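Below is one structure, written out as structure tokens; comments come after it.
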There are 2 protein chains.
Amino acid sequence: MRATLLHQAGDVRVADVADPKVQQPTDAVVRIVLGCICGSDLWPYKSQPLTEHPRQMGHEFLGVVEETGPQVTTVKIGDLVVVPFTYSDGTCEYCRAGLHTSCEHGGPWGVNGVDGGQGQAARVPFADGTLVPLPVGEDSELLPDLLTLSDVLCTGYHAARTAGVRAGESVTVVGDGAVGLSAVIAAKLLGAEQIILMGRHAARTDLGRAFGATDVVAARGEEGVAAVRELTGGRGTGRVLECVGLKDALVQAAGVVRDGGTISRVGAPQYPEVPLGFPEFLRNITLTGGVAPARAYINELMPHILDGSIRPGRVFDRTVALEDVAEGYRLMNDREALKVLVRP
Amino acid sequence: MRATLLHQAGDVRVADVADPKVQQPTDAVVRIVLGCICGSDLWPYKSQPLTEHPRQMGHEFLGVVEETGPQVTTVKIGDLVVVPFTYSDGTCEYCRAGLHTSCEHGGPWGVNGVDGGQGQAARVPFADGTLVPLPVGEDSELLPDLLTLSDVLCTGYHAARTAGVRAGESVTVVGDGAVGLSAVIAAKLLGAEQIILMGRHAARTDLGRAFGATDVVAARGEEGVAAVRELTGGRGTGRVLECVGLKDALVQAAGVVRDGGTISRVGAPQYPEVPLGFPEFLRNITLTGGVAPARAYINELMPHILDGSIRPGRVFDRTVALEDVAEGYRLMNDREALKVLVRP
């Protein structure tokens with residue numbers, strides 16, 4: 001089959017790799033119908049040294065079950081399924097607690113003999129614990145929306161949930177990428193009354209407004225902090241959703257969070273340490289969040305997509321064929337696209 | 001009156017300062033009956049450069065109200081009161097939310113024309129918002145226990161509360177100082193079933209066992225982490241109370257916390273940044289805590305002292321007269337004493 005390989009920074013190629021097949025009795029093989037490129041794919045795209053063992057890229061996908069191992073019981077051949085961005089056994093203590101990303105037998109796509117999601121198919125370990133059937137057909141117009149359940153919508157939702165967003169509250173979202181915009185959707189779903197989106201790309205913040213942002217602050221740094229404080233009676237917001245992953249974004253988050261408030265970080269950290277020292281200690285600032293256990297949220301969020309009340313797939317503004325995936329990376333890396341669909 | 005002044009590192013002296021008097025209609029003047037030295041007093045004791053304006057030291061004290069301003073209504077002359085380690089107006093948005101340390105008119109003792117707690121008396125701003133009457137006499141044997149409501153017991157309790165300790169859970173306490181031992185008391189009060197105390201001073205960890213610690217781990221670093229994991233089925237504990245304030249203690253806390261768990265820090269940070277990067281992001285570790293709003297907890301904790309169910313005053317193992325306060329600092333700094341009472 002064809003799959004996306006990253007050889008080194010800036011060098012993404014589609015190549016032939018071994019066809020996936022069931023290896024364990026709990027495996028399934030999924031033919032990929034729709035995949036996409038994640039903001040987190042851009043970090044290795046910017047920095048990966050040349051390697052002789054290029055990684056299969058992609059971790060957000062949905063597709064049709066083509067083969068199942070003998071122990072698989074919850075999905076069957078022909079089912080359309082969405083695939084969370086990590087696989088998980090669904091039975092360990094962490095999975096039962098809803099923290100599927102810490103699954104004792106789980107892991108990420110594209111390494112350790114597991115395929116990536118930007119390709120024609122993938123072997124799915126622990127199919128029962130991982131896959132979630134979708135009640136629509138392959139031709140549904142909702143597929144891009146449903147694909148966001150794989151990662152980006154759940155990641156935004158994880159930020160809002162772990163920050164403890166409650167009805168009537170004020171929330172700041174730092175970052176206008178696809179995760180930040182998903183966090184806006186999530187904050188609104190949880191009933192936030194004031195949602196301040198910090199971002200400086202008008203096309204993106206406009207979409208943020210459509211998703212529910214009540215205010216947009218384009219300024220950054222101290223100026224941006226001052227603007228948010230002006231919008232919030234000087235005190236900042238009790239919940240801040242950090243959707244970037246850079247230290248500057250955390251500093252900004254600390255600047256706009258209210259004393260006693262919570263910053264939830266869901267941007268993959270590109271920093272070794274968190275700038276929350278003595279001043280933030282005196283202000284009782286909490287830092288929470290982390291990698292989103294998407295599997296835990298899919299069943300909760302799917303109905304909002306199916307009934308049309310949220311349209312998270314609007315974050316996709318470009319589509320490429322699998323053979324053109326390199327162009328998709330370029331578009332996102334050059335900020336010409338917000339988030340790119342990949343059609344095998 | 002006589003009060004404790006820190007001139008520079010290692011140079012603590014008792015000297016004459018102006019007698020406190022009511023300056024604002026909301027002030028009270030308290031004659032100090034009992035004070036003490038805090039672990040956090042040792043940071044400036046170790047590092048303060050020579051100054052011509054030495055600070056009045058001390059922020060944990062109880063005493064008798066000697067004078068009140070005309071607007072003071074909740075305490076009267078002759079009342080024995082305990083004094084939280086910050087003063088607060090009791091009426092602002094933060095105080096009403098229980099975050100008195102962020103009070104919009106509050107502040108610390110010993111600066112800005114406010115006295116310290118290691119002296120003969122102190123002017124107390126916002127007496128109604130700050131002071132809590134004690135239902136015992138000046139000669140009560142419970143005074144050392146009640147004095148811990150000023151800071152150390154509430155600080156340990158803040159760690160346990162913000163970490164979300166619940167009945168039946170496993171908790172690790174990092175640090176066997178007076179705050180760590182208070183955190184053991186707090187974890188037990190909240191119903192923790194397993195309380196692992198990490199500390200290497202046998203006299204202190206023995207007291208920790210008396211307070212409710214079920215296990216003691218004397219090892220530090222990787223060895224200490226391995227020992228805690230062995231006690232907890234390999235996963236660590238969901239709640240970790242960091243009661244030291246050094247980066248090494250945070251690293252240890254991150255090592256022993258369970259995936260998805262919470263570290264609450266109450267040791268005053270002697271570090272600019274928190275070592276919680278990508279690995280802890282992947283594990284969904286939360287960092288909470290901060291400076292304790294003691295005022296919010298005093299009424300809740302006092303009954304446990306009055307009925308004898310907790311004896312937090314056992315952390316005091318030495319007493320000095322005010323004139324000998326320098327010896328008290330030396331004893332604590334040299335680890336000859338755990339925590340020192342100061343009797344004016």
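Chain identifiers are assigned as A, B, and so on, following the order in which chains appear in the structure tokens; residues are numbered from 1 within each chain, and ligands are numbered from 1 in order of appearance.
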Please determine the contact residues of chain A with respect to chain B at a cut-off of 7 Å, counting only C-alpha atoms, and supply them as number ranges by chain.
A: 102, 259, 269, 271-278, 281-291
As JSON, numbers by chain, please: the residues near A:Val342 (cut-off 9 Å, only C-alpha atoms, same-chain neighbours under 4 positions excluded).
{"A": [33, 34, 35, 36, 37, 118, 119, 318, 319, 320, 321, 322, 324, 325, 328]}
Selection above as a file: N, CA and C atoms, as a PDB file, in the first residue's frame:
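Now in out.pdb:
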```pdb
ATOM      1  N   VAL A  33     -10.395   5.998   4.821  1.00  0.00           N
ATOM      2  CA  VAL A  33     -11.267   6.785   3.940  1.00  0.00           C
ATOM      3  C   VAL A  33     -10.878   8.258   3.962  1.00  0.00           C
ATOM      4  N   LEU A  34     -10.480   8.710   5.151  1.00  0.00           N
ATOM      5  CA  LEU A  34     -10.144  10.125   5.297  1.00  0.00           C
ATOM      6  C   LEU A  34      -9.110  10.280   6.417  1.00  0.00           C
ATOM      7  N   GLY A  35      -8.072  11.032   6.108  1.00  0.00           N
ATOM      8  CA  GLY A  35      -7.064  11.355   7.113  1.00  0.00           C
ATOM      9  C   GLY A  35      -6.811  12.844   7.089  1.00  0.00           C
ATOM     10  N   CYS A  36      -5.855  13.291   7.855  1.00  0.00           N
ATOM     11  CA  CYS A  36      -5.534  14.717   7.830  1.00  0.00           C
ATOM     12  C   CYS A  36      -4.159  14.946   8.430  1.00  0.00           C
ATOM     13  N   ILE A  37      -3.730  16.177   8.366  1.00  0.00           N
ATOM     14  CA  ILE A  37      -2.434  16.567   8.920  1.00  0.00           C
ATOM     15  C   ILE A  37      -2.686  17.344  10.203  1.00  0.00           C
ATOM     16  N   GLN A 118      -1.795   8.574   7.610  1.00  0.00           N
ATOM     17  CA  GLN A 118      -1.767   9.206   6.281  1.00  0.00           C
ATOM     18  C   GLN A 118      -1.297   8.154   5.288  1.00  0.00           C
ATOM     19  N   GLY A 119      -2.210   7.243   4.976  1.00  0.00           N
ATOM     20  CA  GLY A 119      -1.882   6.139   4.074  1.00  0.00           C
ATOM     21  C   GLY A 119      -3.181   5.497   3.621  1.00  0.00           C
ATOM     22  N   ARG A 318      -8.479  22.948   3.339  1.00  0.00           N
ATOM     23  CA  ARG A 318      -7.883  22.430   2.109  1.00  0.00           C
ATOM     24  C   ARG A 318      -7.952  20.907   2.134  1.00  0.00           C
ATOM     25  N   THR A 319      -7.960  20.319   0.931  1.00  0.00           N
ATOM     26  CA  THR A 319      -7.938  18.861   0.799  1.00  0.00           C
ATOM     27  C   THR A 319      -6.871  18.500  -0.224  1.00  0.00           C
ATOM     28  N   VAL A 320      -6.068  17.489   0.091  1.00  0.00           N
ATOM     29  CA  VAL A 320      -5.106  16.980  -0.897  1.00  0.00           C
ATOM     30  C   VAL A 320      -5.320  15.476  -1.062  1.00  0.00           C
ATOM     31  N   ALA A 321      -4.956  14.979  -2.232  1.00  0.00           N
ATOM     32  CA  ALA A 321      -4.907  13.529  -2.420  1.00  0.00           C
ATOM     33  C   ALA A 321      -3.674  12.996  -1.682  1.00  0.00           C
ATOM     34  N   LEU A 322      -3.720  11.716  -1.332  1.00  0.00           N
ATOM     35  CA  LEU A 322      -2.593  11.132  -0.600  1.00  0.00           C
ATOM     36  C   LEU A 322      -1.267  11.373  -1.331  1.00  0.00           C
ATOM     37  N   ASP A 324      -0.347  13.718  -2.948  1.00  0.00           N
ATOM     38  CA  ASP A 324       0.066  15.128  -2.849  1.00  0.00           C
ATOM     39  C   ASP A 324       0.238  15.575  -1.396  1.00  0.00           C
ATOM     40  N   VAL A 325       0.430  14.616  -0.495  1.00  0.00           N
ATOM     41  CA  VAL A 325       0.456  14.982   0.921  1.00  0.00           C
ATOM     42  C   VAL A 325       1.582  15.972   1.236  1.00  0.00           C
ATOM     43  N   GLY A 328       0.366  19.283   1.115  1.00  0.00           N
ATOM     44  CA  GLY A 328      -0.432  19.565   2.311  1.00  0.00           C
ATOM     45  C   GLY A 328       0.436  20.024   3.484  1.00  0.00           C
TER      46      GLY A 328
END
```
Would you mind writing down, as a VMD selection string, each residue of stretch 52-206 of chain B that DSSP on the backbone assigns to strand (DSSP E or B)?
chain B and resid 55 to 56 61 to 68 80 to 83 86 to 87 107 to 108 119 121 to 124 132 to 133 170 to 174 194 to 198
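As for atom CA of A:Val340 and atom CA of A:Cys243, they are spaced 18.1 Å apart.
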Can you tell me, as a PyMOL selection string, which residues in stretch 67-204 of chain A count as helix (DSSP H, G or I) by DSSP?
chain A and resi 93-96+100-102+127-130+143-150+152-163+178-189+202-204
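Between atom CA of A:Asp19 and atom CA of A:Gly58 the interatomic distance comes to 16.3 Å.
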Contacts of A:Leu338 at 10 Å (only C-alpha atoms; same-chain gap of 4+ positions) as a list in words
Ile37, Cys38, Gly39, Asp176, Gly177, Ala178, Ala203, Arg204, Arg314, Val315, Phe316, Asp317, Arg318, Leu331, Met332, Asn333 and Asp334 of chain A
Neighbouring residues of A:Ala121 were defined as those with any atom within 7 Å, considering only C-alpha atoms; residues of the same chain fewer than 3 positions away were excluded. Please report them as a PyMOL selection string.
chain A and resi 20+30-32
All residues 7 Å or closer to A:Ala294, only C-alpha atoms, same chain fewer than 3 positions away omitted, as a PDB file with all heavy atoms, in the first residue's frame:
```pdb
ATOM      1  N   PRO A  84      -9.114   6.963  17.267  1.00  0.00           N
ATOM      2  CA  PRO A  84      -8.463   7.966  18.120  1.00  0.00           C
ATOM      3  C   PRO A  84      -6.963   8.029  17.844  1.00  0.00           C
ATOM      4  O   PRO A  84      -6.392   7.074  17.317  1.00  0.00           O
ATOM      5  CB  PRO A  84      -8.711   7.459  19.545  1.00  0.00           C
ATOM      6  CG  PRO A  84      -9.699   6.356  19.434  1.00  0.00           C
ATOM      7  CD  PRO A  84      -9.633   5.825  18.044  1.00  0.00           C
ATOM      8  N   SER A 150     -11.156  12.237  16.058  1.00  0.00           N
ATOM      9  CA  SER A 150      -9.920  11.472  16.157  1.00  0.00           C
ATOM     10  C   SER A 150      -8.897  12.182  17.036  1.00  0.00           C
ATOM     11  O   SER A 150      -8.111  11.547  17.727  1.00  0.00           O
ATOM     12  CB  SER A 150      -9.356  11.267  14.753  1.00  0.00           C
ATOM     13  OG  SER A 150      -8.194  10.515  14.780  1.00  0.00           O
ATOM     14  N   ASP A 151      -8.929  13.509  17.023  1.00  0.00           N
ATOM     15  CA  ASP A 151      -7.905  14.248  17.763  1.00  0.00           C
ATOM     16  C   ASP A 151      -8.338  15.665  18.087  1.00  0.00           C
ATOM     17  O   ASP A 151      -8.597  16.006  19.247  1.00  0.00           O
ATOM     18  CB  ASP A 151      -6.593  14.260  16.950  1.00  0.00           C
ATOM     19  CG  ASP A 151      -5.448  15.006  17.632  1.00  0.00           C
ATOM     20  OD1 ASP A 151      -5.692  15.768  18.573  1.00  0.00           O
ATOM     21  OD2 ASP A 151      -4.296  14.817  17.197  1.00  0.00           O
ATOM     22  N   CYS A 154     -11.408  16.567  20.229  1.00  0.00           N
ATOM     23  CA  CYS A 154     -11.232  15.996  21.570  1.00  0.00           C
ATOM     24  C   CYS A 154     -10.129  16.705  22.336  1.00  0.00           C
ATOM     25  O   CYS A 154     -10.200  16.841  23.560  1.00  0.00           O
ATOM     26  CB  CYS A 154     -10.942  14.502  21.472  1.00  0.00           C
ATOM     27  SG  CYS A 154     -12.340  13.554  20.835  1.00  0.00           S
ATOM     28  N   THR A 155      -9.121  17.166  21.619  1.00  0.00           N
ATOM     29  CA  THR A 155      -8.029  17.885  22.276  1.00  0.00           C
ATOM     30  C   THR A 155      -8.521  19.234  22.810  1.00  0.00           C
ATOM     31  O   THR A 155      -8.223  19.612  23.947  1.00  0.00           O
ATOM     32  CB  THR A 155      -6.844  18.043  21.307  1.00  0.00           C
ATOM     33  OG1 THR A 155      -6.323  16.729  21.034  1.00  0.00           O
ATOM     34  CG2 THR A 155      -5.740  18.901  21.891  1.00  0.00           C
ATOM     35  N   TYR A 297     -13.714  10.670  24.951  1.00  0.00           N
ATOM     36  CA  TYR A 297     -14.658  11.754  24.667  1.00  0.00           C
ATOM     37  C   TYR A 297     -15.513  11.523  23.421  1.00  0.00           C
ATOM     38  O   TYR A 297     -16.473  12.245  23.180  1.00  0.00           O
ATOM     39  CB  TYR A 297     -13.903  13.080  24.488  1.00  0.00           C
ATOM     40  CG  TYR A 297     -13.113  13.532  25.702  1.00  0.00           C
ATOM     41  CD1 TYR A 297     -11.784  13.921  25.590  1.00  0.00           C
ATOM     42  CD2 TYR A 297     -13.707  13.606  26.960  1.00  0.00           C
ATOM     43  CE1 TYR A 297     -11.057  14.366  26.691  1.00  0.00           C
ATOM     44  CE2 TYR A 297     -12.994  14.043  28.069  1.00  0.00           C
ATOM     45  CZ  TYR A 297     -11.661  14.417  27.930  1.00  0.00           C
ATOM     46  OH  TYR A 297     -10.961  14.854  29.018  1.00  0.00           O
ATOM     47  N   ILE A 298     -15.132  10.545  22.604  1.00  0.00           N
ATOM     48  CA  ILE A 298     -15.776  10.405  21.293  1.00  0.00           C
ATOM     49  C   ILE A 298     -17.286  10.176  21.408  1.00  0.00           C
ATOM     50  O   ILE A 298     -18.081  10.842  20.737  1.00  0.00           O
ATOM     51  CB  ILE A 298     -15.095   9.275  20.484  1.00  0.00           C
ATOM     52  CG1 ILE A 298     -13.684   9.715  20.084  1.00  0.00           C
ATOM     53  CG2 ILE A 298     -15.920   8.918  19.244  1.00  0.00           C
ATOM     54  CD1 ILE A 298     -12.872   8.649  19.359  1.00  0.00           C
TER      55      ILE A 298
END
```
